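**Q** Structure: model_32.txt, compact mmCIF, C-alpha atoms.
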```
# COMPACT_ATOMS: atom_id res chain seq x y z
CA MET A 12 94.31 126.18 118.65
CA ASP A 13 93.66 122.56 119.55
CA GLY A 14 95.79 120.29 117.42
CA VAL A 15 97.28 123.03 115.26
CA ILE A 16 101.00 123.00 114.76
CA HIS A 17 102.11 126.61 114.57
CA SER A 18 103.96 127.34 111.40
CA GLY A 19 107.57 126.29 111.55
CA ARG A 20 107.45 124.85 115.04
CA LEU A 21 107.61 121.19 114.15
CA CYS A 22 110.62 121.47 111.90
CA GLY A 23 111.96 124.87 112.85
CA MET A 24 112.66 123.73 116.40
CA THR A 25 115.43 121.49 115.26
CA THR A 26 117.67 124.24 113.95
CA THR A 27 116.81 127.45 115.75
CA SER A 28 116.82 128.84 119.28
CA PRO A 29 113.67 130.38 120.84
CA SER A 30 114.72 133.68 119.28
CA SER A 31 114.56 131.88 115.89
CA ARG A 32 118.19 132.63 115.11
CA PRO A 33 119.84 129.78 113.21
CA LEU A 34 122.22 127.76 115.38
CA THR A 35 125.94 127.32 114.81
CA ARG A 36 127.26 123.76 114.49
CA LYS A 37 128.37 123.84 118.12
CA GLY A 38 124.94 125.21 119.10
CA GLN A 39 123.23 122.40 117.22
CA GLU A 40 125.40 119.84 119.01
CA THR A 41 124.57 121.28 122.44
CA ARG A 42 120.88 121.44 121.58
CA GLN A 43 120.99 117.80 120.44
CA ARG A 44 122.77 116.75 123.65
CA ILE A 45 119.92 118.31 125.66
CA VAL A 46 117.24 116.59 123.53
CA ASP A 47 119.03 113.22 123.78
CA ALA A 48 119.26 113.51 127.57
CA ALA A 49 115.62 114.54 127.86
CA ALA A 50 114.48 111.73 125.54
CA GLU A 51 116.39 109.14 127.56
CA LEU A 52 115.02 110.39 130.91
CA ILE A 53 111.45 110.67 129.62
CA PHE A 54 111.62 107.20 128.07
CA ARG A 55 112.71 105.74 131.41
CA GLN A 56 110.54 107.68 133.83
CA GLY A 57 107.84 109.55 131.91
CA VAL A 58 107.18 113.21 131.11
CA ALA A 59 105.67 114.23 134.45
CA GLN A 60 108.52 112.74 136.50
CA THR A 61 111.23 114.43 134.43
CA THR A 62 112.19 117.93 135.52
CA ILE A 63 114.18 120.57 133.65
CA GLU A 64 116.77 120.21 136.42
CA ASP A 65 117.11 116.44 135.73
CA VAL A 66 117.70 117.18 132.05
CA ARG A 67 120.15 119.98 132.79
CA ALA A 68 122.21 117.67 135.01
CA ALA A 69 122.08 114.72 132.60
CA ALA A 70 123.09 116.84 129.61
CA ASP A 71 125.75 118.63 131.69
CA VAL A 72 124.67 122.12 130.64
CA SER A 73 123.90 125.27 132.62
CA SER A 74 120.36 126.55 133.11
CA SER A 75 121.04 129.53 130.90
CA GLN A 76 122.35 127.24 128.15
CA LEU A 77 119.21 125.07 128.38
CA TYR A 78 116.86 128.05 128.29
CA HIS A 79 118.83 129.47 125.37
CA TYR A 80 117.58 126.52 123.30
CA PHE A 81 114.20 125.81 124.92
CA GLU A 82 111.77 128.37 126.23
CA ASP A 83 110.32 125.94 128.78
CA LYS A 84 109.70 122.26 129.51
CA THR A 85 106.80 122.19 127.03
CA ALA A 86 109.04 123.24 124.16
CA LEU A 87 111.62 120.64 125.20
CA VAL A 88 108.96 117.92 125.28
CA TRP A 89 107.86 118.82 121.74
CA ALA A 90 111.47 118.52 120.61
CA VAL A 91 111.66 115.10 122.28
CA VAL A 92 108.51 113.97 120.44
CA ASP A 93 109.98 115.09 117.09
CA HIS A 94 113.30 113.44 117.93
CA GLN A 95 111.65 110.13 118.87
CA ALA A 96 109.52 110.22 115.70
CA GLU A 97 112.64 110.86 113.62
CA THR A 98 114.55 108.03 115.32
CA MET A 99 111.72 105.48 115.33
CA VAL A 100 110.29 106.11 111.90
CA GLY A 101 113.69 106.79 110.32
CA GLY A 102 114.94 103.45 111.68
CA GLN A 103 112.09 101.56 110.03
CA GLU A 104 112.12 103.21 106.63
CA MET A 105 114.85 100.77 105.56
CA PHE A 106 112.35 97.91 105.58
CA ASP A 107 110.42 96.81 102.52
CA PHE A 108 106.73 96.94 103.39
CA SER A 109 105.77 95.86 99.88
CA THR A 110 106.54 92.15 100.32
CA LEU A 111 105.60 89.52 102.90
CA GLU A 112 109.30 88.83 103.43
CA GLY A 113 109.90 92.52 104.11
CA LEU A 114 106.99 92.66 106.56
CA ARG A 115 108.31 89.60 108.38
CA ALA A 116 111.84 91.03 108.57
CA TRP A 117 110.38 94.25 110.06
CA ARG A 118 108.34 92.20 112.56
CA ASN A 119 111.49 90.40 113.72
CA PHE A 120 113.36 93.70 114.01
CA VAL A 121 110.64 95.29 116.16
CA ILE A 122 110.39 92.26 118.46
CA ALA A 123 114.18 92.02 118.83
CA GLY A 124 114.19 95.71 119.82
CA GLN A 125 111.68 95.04 122.59
CA ARG A 126 113.72 92.08 123.86
CA GLU A 127 116.80 94.28 123.93
CA HIS A 128 114.94 96.75 126.18
CA HIS A 129 113.57 93.92 128.35
CA CYS A 130 110.09 94.93 127.14
CA SER A 131 110.21 98.20 129.04
CA GLY A 132 109.40 101.71 127.87
CA GLY A 133 106.84 100.80 125.21
CA CYS A 134 106.81 102.77 121.96
CA PRO A 135 108.82 105.98 122.43
CA ILE A 136 106.22 107.94 120.41
CA GLY A 137 103.06 106.09 121.41
CA SER A 138 103.82 106.33 125.12
CA LEU A 139 104.39 110.09 124.76
CA GLY A 140 101.03 110.30 122.99
CA GLY A 141 99.29 108.55 125.86
CA GLN A 142 100.92 110.83 128.42
CA LEU A 143 100.33 114.13 126.61
CA ALA A 144 97.19 113.77 124.47
CA GLU A 145 94.77 115.21 127.00
CA THR A 146 96.95 117.90 128.53
CA ASP A 147 98.98 119.37 125.66
CA PRO A 148 97.14 119.68 122.31
CA ASP A 149 100.31 120.86 120.57
CA ALA A 150 102.25 117.84 121.80
CA ARG A 151 99.41 115.65 120.56
CA ALA A 152 99.74 117.28 117.13
CA HIS A 153 103.50 116.58 117.14
CA VAL A 154 102.83 112.92 118.02
CA ASP A 155 100.20 112.77 115.27
CA GLU A 156 102.74 114.10 112.75
CA GLY A 157 105.14 111.33 113.77
CA PHE A 158 102.45 108.70 113.35
CA LYS A 159 101.41 110.09 109.96
CA ARG A 160 104.93 109.69 108.67
CA TRP A 161 105.07 106.13 110.05
CA GLU A 162 101.70 105.31 108.51
CA ALA A 163 102.85 106.73 105.15
CA THR A 164 105.86 104.39 105.13
CA ILE A 165 103.69 101.31 105.65
CA GLN A 166 101.03 102.64 103.26
CA SER A 167 103.51 103.12 100.49
CA GLY A 168 104.61 99.47 100.70
CA LEU A 169 101.10 98.04 100.84
CA ARG A 170 99.96 100.31 97.99
CA GLU A 171 102.78 98.88 95.90
CA MET A 172 101.63 95.33 96.69
CA HIS A 173 98.09 96.35 95.72
CA THR A 174 99.23 97.97 92.46
CA ARG A 175 101.23 94.85 91.56
CA GLY A 176 97.99 92.88 91.99
CA GLU A 177 99.34 91.05 95.03
CA LEU A 178 96.42 92.08 97.26
CA THR A 179 92.79 91.32 96.37
CA PRO A 180 91.45 94.25 94.31
CA ASP A 181 88.75 95.13 96.85
CA SER A 182 91.21 95.38 99.76
CA ASP A 183 92.21 98.89 100.85
CA PRO A 184 95.97 99.18 101.46
CA ASP A 185 95.59 102.49 103.35
CA THR A 186 93.15 101.04 105.87
CA LEU A 187 95.35 97.98 106.16
CA ALA A 188 98.39 100.18 106.87
CA LEU A 189 96.49 101.99 109.62
CA ALA A 190 95.41 98.64 111.10
CA LEU A 191 99.01 97.41 111.04
CA LEU A 192 100.20 100.55 112.84
CA ALA A 193 97.43 100.13 115.43
CA ALA A 194 98.33 96.46 115.96
CA LEU A 195 101.95 97.49 116.43
CA GLN A 196 101.05 100.18 118.98
CA GLY A 197 98.71 97.94 120.95
CA GLY A 198 101.24 95.11 120.82
CA LEU A 199 103.94 97.44 122.18
CA LEU A 200 101.70 98.70 124.98
CA LEU A 201 100.69 95.20 126.11
CA THR A 202 104.31 94.08 125.84
CA GLN A 203 105.27 96.94 128.15
CA ILE A 204 102.55 96.01 130.65
CA LYS A 205 103.22 92.26 130.59
CA ARG A 206 107.01 92.53 130.18
CA ASP A 207 106.65 89.84 127.52
CA THR A 208 106.80 90.11 123.71
CA LYS A 209 103.92 87.66 123.19
CA PRO A 210 101.23 90.35 122.61
CA LEU A 211 103.44 92.12 120.06
CA GLU A 212 104.16 88.83 118.28
CA ALA A 213 100.46 87.91 118.29
CA ALA A 214 99.38 91.32 116.95
CA LEU A 215 101.96 91.56 114.17
CA ASP A 216 101.60 87.91 113.17
CA ALA A 217 97.82 88.29 112.92
CA MET A 218 98.14 91.35 110.67
CA ILE A 219 100.79 89.75 108.48
CA GLU A 220 98.62 86.62 108.28
CA LEU A 221 95.75 88.80 107.05
CA VAL A 222 97.99 90.46 104.43
CA ALA A 223 99.15 86.98 103.35
CA ARG A 224 95.56 85.82 103.02
CA LEU A 225 94.60 88.95 101.08
CA SER A 226 97.53 88.23 98.78
CA GLY A 227 96.27 84.71 98.20
CA SER A 228 99.13 82.99 100.03
CA SER A 229 98.13 81.56 103.41
CA SER A 230 101.19 81.80 105.66
CA MET B 358 108.97 92.94 144.19
CA ASP B 359 108.62 94.10 140.61
CA GLY B 360 105.25 93.10 139.25
CA VAL B 361 104.09 91.27 142.35
CA ILE B 362 100.65 92.05 143.69
CA HIS B 363 100.85 91.82 147.45
CA SER B 364 98.39 89.38 148.83
CA GLY B 365 94.93 90.83 149.14
CA ARG B 366 95.78 94.24 147.74
CA LEU B 367 94.10 93.94 144.39
CA CYS B 368 90.78 92.78 145.72
CA GLY B 369 91.10 93.71 149.36
CA MET B 370 91.35 97.40 148.55
CA THR B 371 87.75 97.48 147.45
CA THR B 372 86.25 96.61 150.82
CA THR B 373 88.71 97.60 153.52
CA SER B 374 90.42 100.70 154.84
CA PRO B 375 94.25 100.92 155.14
CA SER B 376 93.89 99.38 158.61
CA SER B 377 92.22 96.40 156.84
CA ARG B 378 89.01 96.79 158.85
CA PRO B 379 85.94 95.92 156.77
CA LEU B 380 83.97 99.00 155.75
CA THR B 381 80.38 99.77 156.68
CA ARG B 382 77.93 100.38 153.83
CA LYS B 383 78.30 104.14 154.32
CA GLY B 384 82.07 103.74 154.37
CA GLN B 385 81.94 101.78 151.13
CA GLU B 386 79.85 104.52 149.53
CA THR B 387 82.26 107.26 150.60
CA ARG B 388 85.21 105.20 149.41
CA GLN B 389 83.50 104.65 146.05
CA ARG B 390 82.74 108.38 145.72
CA ILE B 391 86.46 109.10 146.16
CA VAL B 392 87.46 106.46 143.59
CA ASP B 393 84.86 107.73 141.08
CA ALA B 394 86.10 111.31 141.46
CA ALA B 395 89.75 110.23 141.11
CA ALA B 396 88.95 108.05 138.06
CA GLU B 397 87.15 110.93 136.34
CA LEU B 398 89.97 113.42 137.02
CA ILE B 399 92.71 110.99 136.01
CA PHE B 400 90.83 110.05 132.82
CA ARG B 401 90.60 113.73 131.85
CA GLN B 402 94.01 115.01 132.90
CA GLY B 403 96.31 112.09 133.67
CA VAL B 404 97.81 110.64 136.85
CA ALA B 405 100.65 113.12 137.29
CA GLN B 406 98.40 116.17 136.93
CA THR B 407 95.87 114.90 139.46
CA THR B 408 96.59 115.79 143.08
CA ILE B 409 95.07 114.35 146.24
CA GLU B 410 93.70 117.86 146.86
CA ASP B 411 91.88 117.82 143.45
CA VAL B 412 90.30 114.47 144.35
CA ARG B 413 89.38 115.62 147.84
CA ALA B 414 87.61 118.69 146.43
CA ALA B 415 85.86 116.79 143.62
CA ALA B 416 84.61 114.04 145.96
CA ASP B 417 83.66 116.64 148.59
CA VAL B 418 85.39 114.84 151.47
CA SER B 419 87.81 116.02 154.12
CA SER B 420 91.51 115.12 154.06
CA SER B 421 91.13 112.90 157.07
CA GLN B 422 88.23 111.06 155.38
CA LEU B 423 90.31 110.52 152.25
CA TYR B 424 93.33 109.26 154.16
CA HIS B 425 91.06 107.00 156.18
CA TYR B 426 90.41 105.04 152.97
CA PHE B 427 93.69 105.53 151.10
CA GLU B 428 97.14 105.59 152.61
CA ASP B 429 98.48 107.83 149.86
CA LYS B 430 98.06 108.78 146.19
CA THR B 431 99.69 105.53 145.08
CA ALA B 432 97.04 103.45 146.87
CA LEU B 433 94.30 105.62 145.37
CA VAL B 434 95.74 105.16 141.87
CA TRP B 435 95.73 101.38 142.31
CA ALA B 436 92.07 101.57 143.33
CA VAL B 437 91.38 103.63 140.20
CA VAL B 438 93.09 101.01 138.02
CA ASP B 439 90.97 98.24 139.58
CA HIS B 440 87.82 100.34 139.23
CA GLN B 441 88.48 101.10 135.55
CA ALA B 442 89.24 97.43 134.86
CA GLU B 443 86.00 96.44 136.56
CA THR B 444 83.99 99.02 134.61
CA MET B 445 85.62 98.43 131.21
CA VAL B 446 85.85 94.66 131.28
CA GLY B 447 82.56 94.24 133.11
CA GLY B 448 80.85 96.35 130.46
CA GLN B 449 82.10 94.11 127.68
CA GLU B 450 81.41 90.72 129.22
CA MET B 451 77.84 90.95 127.92
CA PHE B 452 79.06 90.52 124.34
CA ASP B 453 79.28 87.17 122.61
CA PHE B 454 82.85 86.73 121.42
CA SER B 455 82.07 83.28 120.05
CA THR B 456 80.32 84.44 116.86
CA LEU B 457 81.20 86.87 114.07
CA GLU B 458 77.94 88.70 114.74
CA GLY B 459 78.86 89.07 118.40
CA LEU B 460 82.33 90.35 117.53
CA ARG B 461 80.81 92.90 115.14
CA ALA B 462 78.29 94.05 117.74
CA TRP B 463 81.15 94.52 120.21
CA ARG B 464 83.15 96.44 117.58
CA ASN B 465 80.22 98.82 117.04
CA PHE B 466 79.79 99.28 120.80
CA VAL B 467 83.46 100.18 121.31
CA ILE B 468 83.49 102.63 118.41
CA ALA B 469 80.24 104.27 119.53
CA GLY B 470 81.81 104.74 122.98
CA GLN B 471 84.76 106.57 121.47
CA ARG B 472 82.47 108.83 119.42
CA GLU B 473 80.54 109.63 122.59
CA HIS B 474 83.78 110.76 124.25
CA HIS B 475 84.81 112.70 121.12
CA CYS B 476 87.73 110.29 120.82
CA SER B 477 89.42 111.68 123.91
CA GLY B 478 90.87 109.85 126.89
CA GLY B 479 91.85 106.63 125.12
CA CYS B 480 91.37 103.34 126.94
CA PRO B 481 90.86 104.02 130.67
CA ILE B 482 93.06 101.02 131.55
CA GLY B 483 95.55 101.14 128.69
CA SER B 484 96.30 104.82 129.22
CA LEU B 485 96.92 104.18 132.93
CA GLY B 486 99.28 101.39 131.90
CA GLY B 487 101.25 103.72 129.66
CA GLN B 488 101.51 106.35 132.39
CA LEU B 489 102.47 104.03 135.25
CA ALA B 490 104.31 101.03 133.79
CA GLU B 491 107.81 102.41 134.27
CA THR B 492 107.36 104.20 137.59
CA ASP B 493 105.06 101.99 139.66
CA PRO B 494 105.56 98.21 139.29
CA ASP B 495 102.57 97.49 141.52
CA ALA B 496 100.30 99.68 139.39
CA ARG B 497 101.61 97.87 136.33
CA ALA B 498 100.64 94.56 137.96
CA HIS B 499 97.13 95.91 138.64
CA VAL B 500 96.80 96.98 134.99
CA ASP B 501 98.07 93.57 133.91
CA GLU B 502 95.41 91.88 136.05
CA GLY B 503 92.74 94.00 134.33
CA PHE B 504 94.07 93.06 130.90
CA LYS B 505 94.22 89.36 131.83
CA ARG B 506 90.54 89.40 132.71
CA TRP B 507 89.74 91.19 129.44
CA GLU B 508 91.85 88.72 127.47
CA ALA B 509 90.12 85.80 129.18
CA THR B 510 86.71 87.09 128.08
CA ILE B 511 87.75 87.26 124.42
CA GLN B 512 89.67 83.97 124.72
CA SER B 513 86.67 82.14 126.03
CA GLY B 514 84.58 83.20 123.01
CA LEU B 515 87.22 82.34 120.42
CA ARG B 516 87.94 78.99 122.11
CA GLU B 517 84.25 78.16 121.77
CA MET B 518 84.37 79.00 118.05
CA HIS B 519 87.44 76.78 117.74
CA THR B 520 85.83 73.89 119.64
CA ARG B 521 82.72 74.13 117.43
CA GLY B 522 85.04 73.72 114.45
CA GLU B 523 84.35 77.24 113.24
CA LEU B 524 88.04 78.20 113.17
CA THR B 525 90.62 76.26 111.14
CA PRO B 526 92.03 73.51 113.40
CA ASP B 527 95.60 74.88 113.25
CA SER B 528 94.57 78.37 114.39
CA ASP B 529 95.25 79.28 118.03
CA PRO B 530 92.28 81.05 119.66
CA ASP B 531 94.40 82.25 122.62
CA THR B 532 96.94 83.98 120.38
CA LEU B 533 94.10 85.40 118.32
CA ALA B 534 92.44 86.78 121.47
CA LEU B 535 95.69 88.48 122.48
CA ALA B 536 96.04 89.94 118.97
CA LEU B 537 92.48 91.25 119.12
CA LEU B 538 93.12 92.91 122.49
CA ALA B 539 96.32 94.46 121.10
CA ALA B 540 94.50 95.73 118.00
CA LEU B 541 91.86 97.24 120.26
CA GLN B 542 94.46 98.96 122.45
CA GLY B 543 96.45 100.33 119.53
CA GLY B 544 93.25 101.43 117.80
CA LEU B 545 92.17 103.28 120.94
CA LEU B 546 95.56 104.98 121.32
CA LEU B 547 95.67 106.16 117.70
CA THR B 548 92.03 107.26 117.95
CA GLN B 549 92.98 109.34 120.97
CA ILE B 550 95.94 110.90 119.14
CA LYS B 551 94.09 111.57 115.88
CA ARG B 552 90.71 112.40 117.49
CA ASP B 553 89.18 110.15 114.84
CA THR B 554 87.78 106.61 115.12
CA LYS B 555 89.30 105.49 111.80
CA PRO B 556 92.32 103.71 113.35
CA LEU B 557 90.07 101.83 115.78
CA GLU B 558 87.71 100.83 112.96
CA ALA B 559 90.64 99.75 110.78
CA ALA B 560 92.24 97.68 113.56
CA LEU B 561 89.07 95.91 114.71
CA ASP B 562 87.82 95.34 111.16
CA ALA B 563 91.15 93.80 110.17
CA MET B 564 91.10 91.41 113.13
CA ILE B 565 87.46 90.45 112.58
CA GLU B 566 88.22 89.94 108.89
CA LEU B 567 91.03 87.56 109.90
CA VAL B 568 88.70 85.64 112.23
CA ALA B 569 86.14 85.47 109.40
CA ARG B 570 88.75 84.11 107.02
CA LEU B 571 89.94 81.56 109.60
CA SER B 572 86.31 80.49 109.96
CA GLY B 573 86.07 80.01 106.23
CA SER B 574 83.67 82.91 105.64
CA SER B 575 85.27 85.93 104.00
CA SER B 576 83.48 89.03 105.32
```
Would it be possible to restate this file's structure as structure tokens?

**A**
Amino acid sequence: MDGVIHSGRLCGMTTTSPSSRPLTRKGQETRQRIVDAAAELIFRQGVAQTTIEDVRAAADVSSSQLYHYFEDKTALVWAVVDHQAETMVGGQEMFDFSTLEGLRAWRNFVIAGQREHHCSGGCPIGSLGGQLAETDPDARAHVDEGFKRWEATIQSGLREMHTRGELTPDSDPDTLALALLAALQGGLLLTQIKRDTKPLEAALDAMIELVARLSGSSS
Amino acid sequence: MDGVIHSGRLCGMTTTSPSSRPLTRKGQETRQRIVDAAAELIFRQGVAQTTIEDVRAAADVSSSQLYHYFEDKTALVWAVVDHQAETMVGGQEMFDFSTLEGLRAWRNFVIAGQREHHCSGGCPIGSLGGQLAETDPDARAHVDEGFKRWEATIQSGLREMHTRGELTPDSDPDTLALALLAALQGGLLLTQIKRDTKPLEAALDAMIELVARLSGSSS
């Protein structure tokens, strides 16, 4: 079972109750209010410290309402992972990863986001991965799905650069995309620990510098 | 108080009991057995899932023995952070970060370590950082201390390269060291999530490629 996402769970969770009946519009709104509250609490204090009771109070719903949408805390946490992936990755798909200017605009956006949060919380998906990877294989698979989508966005841009002949022919845009995602994640983690955006700036600048050098233009 | 390490705590914890009396050799051994057991449990299952009772049983000590060395779980967790920093950073100080060959040997060592652990657990310090940063400011400061020592090791090597004129004069070895540490951390996190060393390889190779290009030798 390790790492397998059971059919329908990843996406199905967003529109059905545990009984798999489709939700009404009002039901979807209530469900989303619960996920939003849980995501906010977990971002601030971590998975282990967040109880179902905290979420119930923050979302202003009854226990029976909460359990109508989520079988247990585990199911709620998976929904939070999917929600954070949707928010994070969705918010970055507007950037153009196929040009150096686009990469630099994205870099500035990510760093500004960290400043806005006073460098706390880290990456909403990455930090969930670190908390859940060893104890909940299904949650790890949900986090992995989120990262795959993120990676694909960066990949697609760098592949375009490569196809246009703007990266040296022997460079591998897919490996480069994975390296960029790793640099981002490590930069976010160190930024969270140090409460300073310097590590994130250093990591992203180094990767963009490498892309610039592979494209023949030293930045 | 946020982020401040109280005088003596970071180092003092390794040789004294909560009453600050120096430990006998036998006392130091018992204390170390407790820290080792806690580190192993926390590495496998996380901070939140590890109870004082788990540690007591794994280290085969009585409650009163355990509380003789550690005031509470928080103090034990700090000792685990320091211990992991000592083990991780200490184990990497033998590498020569001042040559491309040394950097590549280190890269191979880190990746082999992940394979040995079947890509589970992530970075023993980084994962503690992610779990504790928002809930325990003192633990975050301990993690930060560990990272600073790690960064200094890499820095010292890259500064040497720079001084020898083997990095372009306008490159900044300190920023590069921070970027390399971030790439390592992000690579380890993604490796943990994906259960595959590819992200770690991609991240470290990209950074070493950049260092190679800044030293004028394209790898």

**Q** List every residue of chain B that has an atom at most 7 Å from any atom of chain A, and for each one report the closest atom pair and its distance in Å to one decimal, counting all atoms listed in the file, with rows sorted by chain and then by increasing residue number, as CSV.

**A**
```
residue,atom,partner,partner_atom,distance
B:Arg401,CA,A:Glu145,CA,6.6
B:Gln402,CA,A:Glu145,CA,6.0
B:Ala405,CA,A:Ala59,CA,5.9
B:Gly478,CA,A:Glu145,CA,6.6
B:Ser484,CA,A:Gly141,CA,5.8
B:Gly486,CA,A:Ile204,CA,6.4
B:Gly487,CA,A:Ser138,CA,5.8
B:Gln488,CA,A:Gln142,CA,6.0
B:Ala490,CA,A:Ile204,CA,6.2
B:Glu491,CA,A:Gln56,CA,6.0
B:Thr492,CA,A:Gln56,CA,6.0
B:Arg497,CA,A:Ile204,CA,6.1
B:Asp501,CA,A:Ile204,CA,6.1
B:Thr532,CA,A:Ala213,CA,5.7
B:Leu533,CA,A:Ala213,CA,6.8
B:Leu535,CA,A:Pro210,CA,5.8
B:Ala536,CA,A:Ala214,CA,4.1
B:Ala539,CA,A:Gly197,CA,4.2
B:Ala540,CA,A:Ala194,CA,4.4
B:Leu541,CA,A:Gly197,CA,6.9
B:Gln542,CA,A:Gly197,CA,4.6
B:Gly543,CA,A:Gly197,CA,3.6
B:Gly544,CA,A:Ala193,CA,5.0
B:Leu546,CA,A:Gly141,CA,6.9
B:Leu547,CA,A:Ala193,CA,6.7
B:Ile550,CA,A:Arg151,CA,6.1
B:Lys551,CA,A:Asp155,CA,6.3
B:Pro556,CA,A:Leu189,CA,5.9
B:Ala559,CA,A:Ala190,CA,4.9
B:Ala560,CA,A:Ala190,CA,4.1
B:Ala563,CA,A:Ala190,CA,6.5
B:Leu567,CA,A:Leu221,CA,5.7
```

**Q** Taking all atoms listed in the file into account, which of B:His519, B:Phe454, B:Val467, B:Arg506 comes nearest B:Ala442?

**A**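 Under the stated criterion, the closest residue is B:Arg506.
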
**Q** Tell me, as number ranges by chain, which residues lie within 9 Å of B:Gln441, counting only C-alpha atoms; anything in the same chain fewer than 5 positions away does not count.

**A** B: 396, 436, 446, 481-482, 503

**Q** For a test of reading the model, state the distance in Å between atom CA of A:Thr98 and atom CA of A:Asp183, rounded to one decimal.

**A** 28.1 Å

**Q** Separation of atom CA of A:Gln43 and atom CA of A:His129, in Å?

**A**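 One can read the atom CA of A:Gln43 to atom CA of A:His129 distance as 26.2 Å.
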
**Q** In Å, with one decimal, what is the gap from atom CA of A:Ile219 to atom CA of B:Glu508?

**A**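 Taking atom CA of A:Ile219 as the start and atom CA of B:Glu508 as the end point, the length is 21.0 Å.
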
**Q** Between A:Asp83, A:Ser75, A:Pro180, A:Glu40, which one has atoms that come closest to A:Ile63, using only C-alpha atoms?

**A**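 The answer is A:Asp83, which sits nearest to A:Ile63.
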
**Q** List the neighbours of A:Trp89 out to 8 Å using only C-alpha atoms; skip same-chain residues closer than 3 positions along the sequence, and give me the result as a list in words.

**A** Leu21, Thr85, Ala86, Val92, Asp93, Asp149, Ala150 and His153 of chain A

**Q** In terms of the shortest atom-to-atom distance over all atoms listed in the file, which of A:Gln76, A:Ser167, A:Gln103, A:Thr62 is closest to A:Arg44?

**A** A:Gln76
